[in-house]
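See below for entry38.txt, which holds compact mmCIF, C-alpha atoms.
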```txt
# COMPACT_ATOMS: atom_id res chain seq x y z
CA MET E 1296 -12.06 8.99 -5.92
CA GLU E 1297 -11.14 8.36 -9.51
CA LYS E 1298 -10.83 4.76 -10.60
CA ARG E 1299 -7.44 3.83 -11.99
CA ILE E 1300 -6.63 1.00 -14.36
CA ARG E 1301 -4.49 -1.51 -12.48
CA VAL E 1302 -2.08 -3.67 -14.45
CA LEU E 1303 -0.01 -6.61 -13.25
CA VAL E 1304 3.22 -6.82 -15.23
CA ALA E 1305 4.69 -10.27 -14.72
CA LYS E 1306 7.38 -12.51 -16.12
CA PRO E 1307 6.54 -16.21 -16.04
CA GLY E 1308 9.18 -18.82 -16.65
CA LEU E 1309 12.90 -18.98 -16.40
CA ASP E 1310 14.37 -16.17 -18.47
CA GLY E 1311 15.73 -13.16 -16.64
CA HIS E 1312 15.37 -10.62 -19.43
CA ASP E 1313 13.25 -7.97 -17.79
CA ARG E 1314 14.25 -4.84 -19.73
CA GLY E 1315 11.21 -5.08 -22.00
CA ALA E 1316 8.84 -5.62 -19.08
CA LYS E 1317 10.34 -2.63 -17.26
CA VAL E 1318 10.04 -0.37 -20.32
CA VAL E 1319 6.38 -1.36 -20.67
CA ALA E 1320 5.79 -0.89 -16.92
CA ARG E 1321 7.25 2.60 -17.09
CA ALA E 1322 5.20 3.53 -20.18
CA LEU E 1323 2.01 2.30 -18.51
CA ARG E 1324 2.85 4.35 -15.41
CA ASP E 1325 3.26 7.44 -17.58
CA ALA E 1326 -0.11 6.68 -19.16
CA GLY E 1327 -1.65 6.99 -15.68
CA PHE E 1328 -2.04 3.29 -14.87
CA GLU E 1329 -1.15 1.70 -11.55
CA VAL E 1330 1.36 -0.98 -12.40
CA ILE E 1331 2.10 -3.82 -10.03
CA TYR E 1332 5.51 -5.13 -11.03
CA THR E 1333 6.37 -8.53 -9.61
CA GLY E 1334 9.80 -9.27 -11.05
CA ILE E 1335 11.26 -12.28 -12.81
CA ARG E 1336 10.93 -16.07 -12.68
CA LEU E 1337 7.41 -16.48 -11.41
CA THR E 1338 5.25 -19.57 -11.68
CA PRO E 1339 1.82 -19.37 -13.37
CA GLU E 1340 0.29 -20.04 -9.94
CA GLN E 1341 2.10 -17.06 -8.38
CA ILE E 1342 1.02 -14.74 -11.20
CA ALA E 1343 -2.63 -15.80 -11.04
CA GLU E 1344 -2.63 -15.45 -7.25
CA ALA E 1345 -1.06 -11.97 -7.45
CA ALA E 1346 -3.71 -10.97 -10.02
CA LEU E 1347 -6.37 -12.16 -7.58
CA GLN E 1348 -5.00 -10.33 -4.54
CA GLU E 1349 -4.32 -7.12 -6.46
CA ASP E 1350 -7.71 -7.16 -8.26
CA VAL E 1351 -6.08 -5.97 -11.47
CA ASN E 1352 -7.93 -5.08 -14.65
CA VAL E 1353 -5.08 -6.22 -16.88
CA VAL E 1354 -2.43 -8.95 -16.69
CA ALA E 1355 0.51 -8.20 -18.98
CA LEU E 1356 2.86 -11.16 -19.43
CA SER E 1357 6.39 -10.88 -20.76
CA LEU E 1358 8.31 -13.95 -21.81
CA LEU E 1359 11.43 -14.53 -23.85
CA SER E 1360 12.25 -18.12 -23.09
CA GLY E 1361 10.03 -19.75 -25.71
CA ALA E 1362 7.69 -21.37 -23.21
CA HIS E 1363 4.76 -19.07 -24.00
CA ASN E 1364 2.56 -21.80 -25.52
CA THR E 1365 2.65 -23.65 -22.21
CA LEU E 1366 2.75 -20.86 -19.64
CA PHE E 1367 0.38 -18.21 -21.04
CA PRO E 1368 -2.65 -20.52 -21.39
CA ARG E 1369 -1.87 -22.07 -18.00
CA ILE E 1370 -2.07 -18.63 -16.32
CA VAL E 1371 -5.40 -17.88 -18.03
CA GLU E 1372 -6.69 -21.26 -16.88
CA ILE E 1373 -5.68 -20.82 -13.22
CA MET E 1374 -7.16 -17.32 -13.11
CA LYS E 1375 -10.47 -18.78 -14.32
CA GLN E 1376 -10.33 -21.43 -11.61
CA LYS E 1377 -9.84 -18.70 -9.03
CA GLY E 1378 -13.00 -16.96 -10.19
CA ILE E 1379 -11.29 -14.06 -11.97
CA LYS E 1380 -13.50 -13.49 -14.98
CA ASP E 1381 -13.14 -9.89 -16.05
CA VAL E 1382 -9.41 -9.50 -16.53
CA LEU E 1383 -7.77 -8.56 -19.83
CA THR E 1384 -4.70 -10.73 -20.44
CA ILE E 1385 -2.07 -9.67 -22.94
CA GLY E 1386 1.37 -11.03 -23.79
CA GLY E 1387 4.65 -9.83 -25.17
CA GLY E 1388 8.13 -11.05 -26.06
CA VAL E 1389 9.83 -12.99 -28.83
CA ILE E 1390 6.77 -14.89 -29.96
CA PRO E 1391 6.59 -16.37 -33.50
CA ASP E 1392 3.63 -15.16 -35.57
CA ALA E 1393 2.54 -18.76 -36.06
CA ASP E 1394 1.93 -19.14 -32.32
CA ILE E 1395 -0.29 -16.07 -31.97
CA PRO E 1396 -3.63 -17.55 -33.16
CA GLY E 1397 -3.24 -20.43 -30.69
CA LEU E 1398 -2.52 -18.03 -27.82
CA LYS E 1399 -5.53 -15.90 -28.72
CA ALA E 1400 -7.72 -18.99 -28.78
CA ALA E 1401 -6.41 -19.77 -25.30
CA GLY E 1402 -7.58 -16.43 -23.93
CA ILE E 1403 -4.68 -14.05 -24.57
CA ALA E 1404 -6.41 -10.95 -25.94
CA GLU E 1405 -3.42 -9.65 -27.87
CA VAL E 1406 0.27 -10.41 -28.38
CA PHE E 1407 2.84 -7.65 -28.81
CA THR E 1408 6.12 -8.62 -30.42
CA PRO E 1409 9.48 -6.75 -30.40
CA GLY E 1410 9.36 -3.32 -32.02
CA THR E 1411 5.80 -2.55 -30.93
CA PRO E 1412 5.54 1.12 -29.85
CA THR E 1413 4.38 1.31 -26.24
CA GLU E 1414 1.54 3.65 -27.32
CA LYS E 1415 -0.01 0.71 -29.15
CA ILE E 1416 -0.14 -1.32 -25.96
CA ILE E 1417 -1.64 1.61 -24.04
CA GLU E 1418 -4.29 2.19 -26.73
CA PHE E 1419 -5.16 -1.49 -26.78
CA ILE E 1420 -5.59 -1.58 -23.01
CA LYS E 1421 -7.73 1.56 -22.95
CA ALA E 1422 -9.95 0.22 -25.74
CA ASN E 1423 -10.38 -3.27 -24.33
CA VAL E 1424 -10.19 -3.07 -20.53
CA LYS E 1425 -13.32 -4.45 -18.87
CA MET N 1140 -21.99 -12.78 -4.52
CA ASP N 1141 -22.55 -11.51 -1.00
CA ILE N 1142 -19.19 -9.82 -0.70
CA VAL N 1143 -19.39 -9.18 3.05
CA ALA N 1144 -20.37 -12.73 4.01
CA GLU N 1145 -17.65 -14.14 1.78
CA LEU N 1146 -14.93 -11.86 3.02
CA LEU N 1147 -15.84 -12.64 6.62
CA ASN N 1148 -15.29 -16.25 5.60
CA GLY N 1149 -11.85 -15.31 4.34
CA SER N 1150 -12.55 -15.53 0.58
CA LYS N 1151 -9.59 -13.92 -1.14
CA LEU N 1152 -11.66 -12.88 -4.15
CA ALA N 1153 -14.10 -11.08 -1.82
CA ILE N 1154 -11.28 -9.43 0.17
CA SER N 1155 -9.74 -8.23 -3.06
CA ARG N 1156 -13.00 -6.87 -4.49
CA ALA N 1157 -13.87 -5.17 -1.21
CA ILE N 1158 -10.54 -3.35 -1.10
CA THR N 1159 -11.09 -2.17 -4.67
CA ALA N 1160 -14.58 -0.91 -3.79
CA VAL N 1161 -13.22 0.96 -0.78
CA GLU N 1162 -10.21 2.36 -2.59
CA ASN N 1163 -12.27 3.69 -5.51
CA GLU N 1164 -15.22 4.77 -3.34
CA TYR N 1165 -17.64 2.62 -5.29
CA GLY N 1166 -21.34 2.93 -4.46
CA ASP N 1167 -21.31 -0.09 -2.14
CA ALA N 1168 -18.11 0.90 -0.28
CA VAL N 1169 -19.77 2.52 2.72
CA GLU N 1170 -22.24 -0.32 3.11
CA ILE N 1171 -19.40 -2.88 3.06
CA LEU N 1172 -17.47 -0.91 5.67
CA GLN N 1173 -20.56 -0.52 7.85
CA LYS N 1174 -21.24 -4.24 7.78
CA ILE N 1175 -17.68 -5.33 8.50
CA TYR N 1176 -17.06 -2.73 11.20
CA PRO N 1177 -18.29 -4.93 14.09
CA HIS N 1178 -15.77 -7.57 12.98
CA THR N 1179 -12.78 -5.23 13.09
CA GLY N 1180 -10.46 -4.32 15.95
CA ARG N 1181 -9.10 -7.85 16.38
CA ALA N 1182 -5.95 -7.64 14.30
CA TYR N 1183 -2.72 -6.14 15.57
CA VAL N 1184 -1.53 -3.45 13.15
CA ILE N 1185 2.19 -2.89 12.66
CA GLY N 1186 3.45 0.08 10.65
CA ILE N 1187 6.78 -0.23 8.84
CA THR N 1188 8.35 3.00 7.73
CA GLY N 1189 11.75 4.38 6.76
CA PRO N 1190 13.65 5.97 3.90
CA PRO N 1191 13.57 4.58 0.34
CA GLY N 1192 15.86 1.62 -0.10
CA ALA N 1193 16.14 0.90 3.63
CA GLY N 1194 14.83 -2.61 3.01
CA LYS N 1195 11.26 -2.22 4.22
CA SER N 1196 9.80 -4.69 1.73
CA THR N 1197 12.47 -7.31 2.28
CA LEU N 1198 12.07 -6.91 6.03
CA THR N 1199 8.27 -7.16 5.73
CA ASP N 1200 8.74 -10.41 3.82
CA LYS N 1201 10.99 -11.85 6.53
CA LEU N 1202 8.87 -10.59 9.44
CA THR N 1203 5.81 -12.17 7.83
CA LYS N 1204 7.57 -15.53 7.53
CA GLU N 1205 8.54 -15.33 11.20
CA TYR N 1206 4.96 -14.50 12.25
CA ARG N 1207 3.69 -17.38 10.07
CA SER N 1208 6.06 -19.75 11.85
CA ARG N 1209 4.51 -18.52 15.10
CA GLY N 1210 1.09 -19.53 13.81
CA LYS N 1211 -0.27 -16.11 12.88
CA THR N 1212 -2.06 -15.16 9.68
CA VAL N 1213 -0.84 -11.97 8.04
CA GLY N 1214 -2.24 -9.22 5.85
CA ILE N 1215 0.06 -6.73 4.14
CA ILE N 1216 -0.76 -3.34 2.64
CA ALA N 1217 2.26 -2.08 0.71
CA VAL N 1218 2.12 1.55 -0.35
CA ASP N 1219 4.18 3.12 -3.13
CA PRO N 1220 3.92 6.67 -4.53
CA SER N 1221 1.71 7.84 -7.39
CA SER N 1222 3.29 10.08 -10.00
CA PRO N 1223 2.32 13.70 -9.39
CA PHE N 1224 2.29 14.16 -13.17
CA SER N 1225 0.51 11.19 -14.72
CA GLY N 1226 -1.22 9.86 -11.61
CA GLY N 1227 0.19 6.45 -12.52
CA ALA N 1228 2.39 4.38 -10.26
CA ILE N 1229 4.80 1.50 -10.18
CA LEU N 1230 4.02 -0.67 -7.20
CA GLY N 1231 7.10 -2.80 -6.73
CA ASP N 1232 6.95 -4.06 -3.16
CA ARG N 1233 5.66 -7.49 -4.18
CA ILE N 1234 8.98 -8.23 -5.90
CA ARG N 1235 10.46 -8.86 -2.44
CA MET N 1236 7.49 -10.90 -1.30
CA ASN N 1237 6.87 -13.39 -4.12
CA GLU N 1238 7.55 -16.33 -1.82
CA LEU N 1239 4.58 -15.29 0.31
CA THR N 1240 2.16 -15.23 -2.62
CA MET N 1241 1.25 -18.92 -2.42
CA ASP N 1242 0.90 -18.96 1.37
CA GLU N 1243 -2.81 -19.34 2.13
CA GLY N 1244 -2.36 -17.48 5.42
CA VAL N 1245 -1.04 -14.32 3.78
CA PHE N 1246 -2.81 -11.65 1.73
CA ILE N 1247 -0.78 -8.86 0.10
CA ARG N 1248 -2.25 -5.76 -1.50
CA SER N 1249 -0.32 -2.94 -3.16
CA MET N 1250 -1.74 0.57 -3.00
CA ALA N 1251 -0.68 3.83 -4.65
CA THR N 1252 -0.72 7.03 -2.60
CA ARG N 1253 -3.03 8.79 -5.11
CA GLY N 1254 -1.98 12.24 -4.00
CA SER N 1255 -1.73 11.69 -0.23
CA LEU N 1256 1.44 13.07 1.28
CA GLY N 1257 1.67 11.36 4.65
CA GLY N 1258 3.34 8.15 3.47
CA MET N 1259 0.10 6.21 2.98
CA SER N 1260 -2.98 6.55 0.81
CA ARG N 1261 -6.19 8.07 2.10
CA LYS N 1262 -7.81 4.63 1.92
CA THR N 1263 -5.08 2.57 3.57
CA ALA N 1264 -6.81 2.49 6.95
CA GLU N 1265 -10.02 1.27 5.33
CA ALA N 1266 -8.18 -1.49 3.46
CA VAL N 1267 -6.73 -2.52 6.84
CA LYS N 1268 -10.28 -2.90 8.15
CA VAL N 1269 -11.12 -5.28 5.32
CA LEU N 1270 -8.12 -7.49 6.15
CA ASP N 1271 -8.95 -7.23 9.86
CA ALA N 1272 -12.55 -8.35 9.31
CA ALA N 1273 -11.31 -11.19 7.10
CA GLY N 1274 -9.52 -12.58 10.14
CA LYS N 1275 -5.88 -11.69 9.66
CA ASP N 1276 -4.08 -11.74 13.02
CA ILE N 1277 -1.27 -9.38 12.07
CA ILE N 1278 -1.52 -6.57 9.54
CA PHE N 1279 1.56 -4.82 8.22
CA ILE N 1280 1.32 -1.41 6.61
CA GLU N 1281 4.46 -0.71 4.65
CA THR N 1282 4.62 3.02 3.91
CA VAL N 1283 6.23 4.66 0.92
CA GLY N 1284 9.89 5.44 1.38
CA VAL N 1285 9.69 8.46 3.65
CA GLY N 1286 11.87 11.48 4.22
CA GLN N 1287 11.42 13.26 7.50
CA SER N 1288 7.84 14.31 8.00
CA GLU N 1289 5.56 11.61 6.58
CA VAL N 1290 4.31 10.36 9.91
CA ASP N 1291 0.66 9.43 9.24
CA ILE N 1292 1.53 5.83 9.99
CA VAL N 1293 1.42 6.47 13.76
CA LYS N 1294 -2.27 7.26 13.43
CA ALA N 1295 -2.96 3.91 11.78
CA ALA N 1296 -0.62 1.49 13.58
CA ASP N 1297 -0.58 -0.12 17.03
CA THR N 1298 3.19 -0.48 16.84
CA THR N 1299 5.39 1.58 14.53
CA LEU N 1300 8.68 0.11 13.34
CA VAL N 1301 11.17 2.60 11.92
CA VAL N 1302 13.73 1.01 9.61
CA LEU N 1303 17.02 2.88 9.19
CA VAL N 1304 20.24 2.13 7.39
CA PRO N 1305 23.79 3.27 8.18
CA GLY N 1306 25.39 6.09 6.27
CA LEU N 1307 22.59 8.56 5.66
CA GLY N 1308 23.65 11.55 7.73
CA ASP N 1309 25.32 12.93 10.80
CA ASP N 1310 24.01 13.16 14.34
CA ILE N 1311 22.07 16.37 13.79
CA GLN N 1312 19.71 14.32 11.59
CA ALA N 1313 18.89 12.21 14.60
CA ILE N 1314 17.72 15.10 16.73
CA LYS N 1315 15.50 16.69 14.11
CA ALA N 1316 11.78 16.27 14.51
CA GLY N 1317 9.90 13.76 12.40
CA ILE N 1318 10.09 10.05 11.72
CA LEU N 1319 12.69 9.34 14.39
CA GLU N 1320 10.18 10.45 17.01
CA ILE N 1321 7.52 7.97 15.98
CA GLY N 1322 9.40 4.69 16.37
CA ASP N 1323 8.13 2.27 19.01
CA VAL N 1324 10.74 -0.14 17.74
CA PHE N 1325 13.80 0.53 15.59
CA ALA N 1326 15.61 -1.67 13.11
CA ILE N 1327 19.01 -0.84 11.72
CA ASN N 1328 18.90 -2.81 8.51
CA LYS N 1329 21.88 -3.65 6.28
CA ALA N 1330 23.80 -3.86 9.53
CA ASP N 1331 26.83 -5.32 7.78
CA ARG N 1332 27.58 -1.89 6.35
CA ASP N 1333 29.98 0.71 7.66
CA GLY N 1334 28.59 3.20 10.12
CA VAL N 1335 26.30 0.83 11.99
CA GLU N 1336 27.94 1.51 15.37
CA ARG N 1337 27.63 5.24 14.93
CA LEU N 1338 24.00 5.10 13.86
CA HIS N 1339 23.21 2.84 16.82
CA ILE N 1340 24.81 5.30 19.25
CA GLU N 1341 23.04 8.24 17.61
CA ILE N 1342 19.62 6.65 17.98
CA GLU N 1343 20.39 5.73 21.59
CA MET N 1344 21.44 9.33 22.29
CA MET N 1345 18.29 10.63 20.69
CA LEU N 1346 16.24 8.28 22.86
CA ASP N 1347 18.19 9.41 25.96
CA LEU N 1348 17.06 12.95 25.30
CA ASP N 1349 13.45 11.94 24.85
CA GLN N 1350 11.26 13.62 27.44
CA ASN N 1351 8.17 11.47 26.90
CA GLU N 1352 6.53 10.35 30.09
CA THR N 1353 6.08 6.70 29.10
CA GLU N 1354 8.37 4.05 30.48
CA TRP N 1355 8.72 2.35 27.11
CA ARG N 1356 12.23 2.60 25.77
CA PRO N 1357 12.23 1.69 22.06
CA LYS N 1358 14.52 -1.22 21.33
CA ILE N 1359 17.03 -1.05 18.51
CA THR N 1360 17.58 -4.28 16.61
CA ARG N 1361 20.25 -4.78 14.00
CA THR N 1362 19.10 -6.75 10.99
CA ILE N 1363 20.33 -7.94 7.63
CA ALA N 1364 16.95 -8.69 6.09
CA SER N 1365 18.32 -10.18 2.88
CA GLN N 1366 20.12 -12.82 4.96
CA ASN N 1367 17.29 -13.22 7.47
CA GLN N 1368 19.53 -12.02 10.31
CA GLY N 1369 18.06 -10.35 13.36
CA VAL N 1370 14.49 -11.07 12.24
CA VAL N 1371 13.54 -13.30 15.19
CA GLU N 1372 14.90 -10.68 17.61
CA LEU N 1373 12.98 -7.95 15.78
CA VAL N 1374 9.69 -9.85 16.02
CA ASP N 1375 10.45 -10.42 19.70
CA SER N 1376 10.84 -6.69 20.30
CA ILE N 1377 7.67 -5.89 18.33
CA GLU N 1378 5.85 -8.45 20.47
CA GLU N 1379 7.36 -6.96 23.60
CA HIS N 1380 5.99 -3.57 22.60
CA ALA N 1381 2.60 -5.09 21.79
CA ALA N 1382 2.51 -6.71 25.25
CA TYR N 1383 3.47 -3.40 26.84
CA MET N 1384 0.68 -1.63 24.94
CA VAL N 1385 -1.86 -4.15 26.21
CA LYS N 1386 -0.54 -4.28 29.78
CA THR N 1387 -0.59 -0.51 30.22
CA GLY N 1388 -3.87 0.02 28.41
CA LEU N 1389 -2.09 2.31 25.98
CA ILE N 1390 -3.50 0.35 23.10
CA GLN N 1391 -7.03 1.43 23.98
CA LYS N 1392 -5.86 5.02 24.25
CA ARG N 1393 -4.14 4.87 20.89
CA ARG N 1394 -7.12 3.21 19.22
CA PHE N 1395 -9.54 5.66 20.82
CA ALA N 1396 -7.52 8.57 19.44
CA ARG N 1397 -7.53 6.85 16.05
CA THR N 1398 -11.30 6.42 16.08
CA ARG N 1399 -11.78 10.03 17.12
CA ASN N 1400 -9.49 11.21 14.37
CA GLU N 1401 -11.29 9.02 11.88
CA ILE N 1402 -14.71 10.42 12.77
CA LEU N 1403 -13.39 13.98 12.60
CA THR N 1404 -11.85 13.39 9.18
CA MET N 1405 -15.05 11.88 7.85
CA LEU N 1406 -17.03 14.74 9.32
CA ASP N 1407 -14.72 17.21 7.62
CA GLU N 1408 -15.21 15.47 4.29
CA ALA N 1409 -18.97 15.34 4.74
CA ILE N 1410 -19.11 19.04 5.62
CA GLN N 1411 -17.04 19.92 2.58
CA ALA N 1412 -19.32 17.89 0.35
CA TYR N 1413 -22.35 19.56 1.97
CA LEU N 1414 -20.85 23.02 1.44
CA LYS N 1415 -20.17 22.28 -2.21
CA LYS N 1416 -23.78 21.21 -2.62
CA LYS N 1417 -25.20 24.16 -0.69
CA VAL N 1418 -23.15 27.02 -2.05
CA ALA N 1419 -23.81 27.57 -5.72
CA ASN N 1420 -20.67 27.63 -7.80
CA SER N 1421 -21.70 30.99 -9.27
CA ARG N 1422 -22.00 32.47 -5.78
CA PHE N 1423 -18.55 31.18 -4.93
CA GLU N 1424 -17.08 32.52 -8.17
CA ALA N 1425 -18.67 35.93 -7.58
CA LEU N 1426 -17.19 36.11 -4.09
CA THR N 1427 -13.78 35.07 -5.38
CA GLU N 1428 -14.00 37.82 -7.97
CA GLU N 1429 -14.87 40.42 -5.31
CA VAL N 1430 -12.00 39.30 -3.11
CA SER N 1431 -9.45 39.24 -5.91
CA GLN N 1432 -10.43 42.80 -6.84
CA ARG N 1433 -10.01 43.81 -3.21
CA LYS N 1434 -13.66 44.88 -2.97
CA ASN N 1435 -14.02 42.26 -0.26
CA ASP N 1436 -11.59 40.30 1.90
CA PRO N 1437 -11.39 36.49 2.20
CA TYR N 1438 -12.23 36.55 5.93
CA SER N 1439 -15.52 38.35 5.37
CA ALA N 1440 -16.27 36.15 2.38
CA VAL N 1441 -15.95 33.01 4.50
CA LYS N 1442 -18.12 34.57 7.20
CA SER N 1443 -20.88 35.42 4.76
CA ILE N 1444 -20.83 31.93 3.19
CA LEU N 1445 -21.04 30.32 6.62
CA ALA N 1446 -23.85 32.69 7.64
CA GLU N 1447 -25.83 31.65 4.59
CA VAL N 1448 -25.26 27.92 5.00
CA LEU N 1449 -25.71 27.68 8.75
CA LYS N 1450 -28.73 29.88 9.19
```

Output the file's structure in the form of structure tokens.
Amino acid sequence: MEKRIRVLVAKPGLDGHDRGAKVVARALRDAGFEVIYTGIRLTPEQIAEAALQEDVNVVALSLLSGAHNTLFPRIVEIMKQKGIKDVLTIGGGVIPDADIPGLKAAGIAEVFTPGTPTEKIIEFIKANVK
Amino acid sequence: MDIVAELLNGSKLAISRAITAVENEYGDAVEILQKIYPHTGRAYVIGITGPPGAGKSTLTDKLTKEYRSRGKTVGIIAVDPSSPFSGGAILGDRIRMNELTMDEGVFIRSMATRGSLGGMSRKTAEAVKVLDAAGKDIIFIETVGVGQSEVDIVKAADTTLVVLVPGLGDDIQAIKAGILEIGDVFAINKADRDGVERLHIEIEMMLDLDQNETEWRPKITRTIASQNQGVVELVDSIEEHAAYMVKTGLIQKRRFARTRNEILTMLDEAIQAYLKKKVANSRFEALTEEVSQRKNDPYSAVKSILAEVLK
């Protein structure tokens, strides 16, 4: 049976703005990916645990509350502790350009800000998935 | 890592990797399944099926919490449909189960149907074996939202729970063949809605007309899953059915039929693979050409292929 790229789309933190995450989830579905959508207001621990149980290839985080510098690296860290080594983690949302280098250093492979065409995200995943 | 040894120890990473191997038919999938097979057959498998939006995921969440409070560990396979066009899927059942994620005694895996039409994926039963071998006491299979005829769940489950909601149709719906026939236990969810009395009576009437020889009369429990109402009663009636299955020996019969079916299916697949290997594609194309030009007929074509392969 054909292998399919599995993506966890998750929203850490306290904002409830999930339109962007849903648009991305839908675009990834149409690109042939299996998208596990977990809804809003999750803790980093819940997201890392869901990534573990679902054995996803990609974790796509959406956040609009401003807490990305805390929550994104924390999720990467917990996934490492759980022994998940080969997952591609990407982020999206209202994230200032100045914060992006720090997030990349913390293990977020790429950050997609508002206005990014969904094709760009799909291309990035296809090119970088492990 | 030794994936089998670790999953038998309950390692979640190993369980997760093993399900992936099985689902994608990786090279080591058969070996994993062979090694874990002696450790399977211990879990009690409960199928949860019903139309889209009936509340299957929310009910699975609540049933799991109730089983946890009774000291059982739980595995959940939640199936959602793959797109027939892109092959992609949105697996959204976890949204209703986020509170279970951090419970060490629960493991949840989402699966896409990947083209299967019976309400589950072709690999769901194998994923259940992985969770079974890993020591889960109760395993829920939540099917896709079904219409009338996606009844594969009965082949995989020890007890099948059919979840219905008021307001979907008149009483002729209740006497049609299909999912209403497969329920060992019924739940009428969203029971605070209009039409609950009528639906209850309709299911009872359908059960009155049932000519099956068994003495089990499926119980109907009213639930409001979102408010955790009726959940204890529902688990009680599932447990009652489980006890009945054990007492009457029906569980062995059902599992024997399942094993038989499983072997037959695998045999079918193996024979197909063998045929594809044995019959050259060019030979097959040539025959197809003959048949489509009416120089030959499909029945004779099949006979001649079989004669060649089975000589």

Rank N:Val1370, N:Ala1168, N:Ile1377, N:Val1302 by their smallest atom-to-atom distance to chain E, using only C-alpha atoms, and report the top residue only.
N:Ala1168

Would you pick out the contacts of Asn1367 (chain N) at 12 Å or less, using all atoms listed in the file, so that residues sharing its chain but fewer than 6 positions from it are not included, and give the list as number ranges by chain?
N: 1194, 1197-1205, 1328-1330, 1361, 1373-1374

Expressed in Å to a single decimal, how great is the separation between CA of Ala1381 (chain N) and CA of Leu1300 (chain N)?
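Straight-line distance from CA of Ala1381 (chain N) to CA of Leu1300 (chain N) works out to 11.6 Å.
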
Polymer residues at most 8 Å from Tyr1183 (chain N), all atoms listed in the file, same-chain spacing of 4 or more positions, as a list of chain:residue names
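Everything that qualifies: N:Asp1276, N:Ile1277, N:Ile1278, N:Asp1297.
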
So that I have them on file, write out the residues from the current selection with C-alpha atoms, as an mmCIF file, in the frame of the given file.
```cif
data_model
loop_
_atom_site.group_PDB
_atom_site.id
_atom_site.type_symbol
_atom_site.label_atom_id
_atom_site.label_comp_id
_atom_site.auth_asym_id
_atom_site.auth_seq_id
_atom_site.Cartn_x
_atom_site.Cartn_y
_atom_site.Cartn_z
ATOM 1 C CA ASP N 1276 -4.080 -11.740 13.020
ATOM 2 C CA ILE N 1277 -1.270 -9.380 12.070
ATOM 3 C CA ILE N 1278 -1.520 -6.570 9.540
ATOM 4 C CA ASP N 1297 -0.580 -0.120 17.030
#
```

Output as a tab-separated table one row per residue of chain N within 6 Å of chain E: the closest atom pair and its distance in Å to one decimal place, counting all atoms listed in the file, sorted by chain and residue number ascending.
```
residue	atom	partner	partner_atom	distance
N:Ser1155	CA	E:Gln1348	CA	5.4
N:Asn1163	CA	E:Met1296	CA	5.3
N:Glu1164	CA	E:Met1296	CA	5.9
N:Ser1225	CA	E:Gly1327	CA	4.8
N:Gly1226	CA	E:Gly1327	CA	5.0
N:Gly1227	CA	E:Gly1327	CA	3.7
N:Ala1228	CA	E:Glu1329	CA	4.6
N:Ile1229	CA	E:Val1330	CA	4.8
N:Leu1230	CA	E:Ile1331	CA	4.6
N:Gly1231	CA	E:Tyr1332	CA	5.1
N:Arg1233	CA	E:Thr1333	CA	5.6
N:Ile1234	CA	E:Thr1333	CA	4.5
N:Arg1248	CA	E:Glu1349	CA	5.5
```

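Proximity to Val1319 (chain E) was assessed for E:Val1389, E:Leu1366, E:Leu1356, E:Ile1395 counting all atoms listed in the file; the smallest distance is recorded for E:Leu1356.
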
Please return as a list in words every residue within 10 Å of (-0.8, -14.7, -30.3), taking into account only C-alpha atoms and the file's own coordinates.
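The residues that fall inside the cut-off are His1363, Asn1364, Phe1367, Ile1385, Gly1386, Gly1387, Ile1390, Pro1391, Asp1392, Ala1393, Asp1394, Ile1395, Pro1396, Gly1397, Leu1398, Lys1399, Ala1400, Ala1401, Gly1402, Ile1403, Ala1404, Glu1405, Val1406, Phe1407 and Thr1408 of chain E.
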
Could you save the residues just selected, with C-alpha atoms, as a PDB file, in the coordinates of the input?
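Saved the output as part-v8.pdb:
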```pdb
ATOM      1  CA  HIS E1363       4.760 -19.070 -24.000  1.00  0.00           C
ATOM      2  CA  ASN E1364       2.560 -21.800 -25.520  1.00  0.00           C
ATOM      3  CA  PHE E1367       0.380 -18.210 -21.040  1.00  0.00           C
ATOM      4  CA  ILE E1385      -2.070  -9.670 -22.940  1.00  0.00           C
ATOM      5  CA  GLY E1386       1.370 -11.030 -23.790  1.00  0.00           C
ATOM      6  CA  GLY E1387       4.650  -9.830 -25.170  1.00  0.00           C
ATOM      7  CA  ILE E1390       6.770 -14.890 -29.960  1.00  0.00           C
ATOM      8  CA  PRO E1391       6.590 -16.370 -33.500  1.00  0.00           C
ATOM      9  CA  ASP E1392       3.630 -15.160 -35.570  1.00  0.00           C
ATOM     10  CA  ALA E1393       2.540 -18.760 -36.060  1.00  0.00           C
ATOM     11  CA  ASP E1394       1.930 -19.140 -32.320  1.00  0.00           C
ATOM     12  CA  ILE E1395      -0.290 -16.070 -31.970  1.00  0.00           C
ATOM     13  CA  PRO E1396      -3.630 -17.550 -33.160  1.00  0.00           C
ATOM     14  CA  GLY E1397      -3.240 -20.430 -30.690  1.00  0.00           C
ATOM     15  CA  LEU E1398      -2.520 -18.030 -27.820  1.00  0.00           C
ATOM     16  CA  LYS E1399      -5.530 -15.900 -28.720  1.00  0.00           C
ATOM     17  CA  ALA E1400      -7.720 -18.990 -28.780  1.00  0.00           C
ATOM     18  CA  ALA E1401      -6.410 -19.770 -25.300  1.00  0.00           C
ATOM     19  CA  GLY E1402      -7.580 -16.430 -23.930  1.00  0.00           C
ATOM     20  CA  ILE E1403      -4.680 -14.050 -24.570  1.00  0.00           C
ATOM     21  CA  ALA E1404      -6.410 -10.950 -25.940  1.00  0.00           C
ATOM     22  CA  GLU E1405      -3.420  -9.650 -27.870  1.00  0.00           C
ATOM     23  CA  VAL E1406       0.270 -10.410 -28.380  1.00  0.00           C
ATOM     24  CA  PHE E1407       2.840  -7.650 -28.810  1.00  0.00           C
ATOM     25  CA  THR E1408       6.120  -8.620 -30.420  1.00  0.00           C
TER      26      THR E1408
END
```
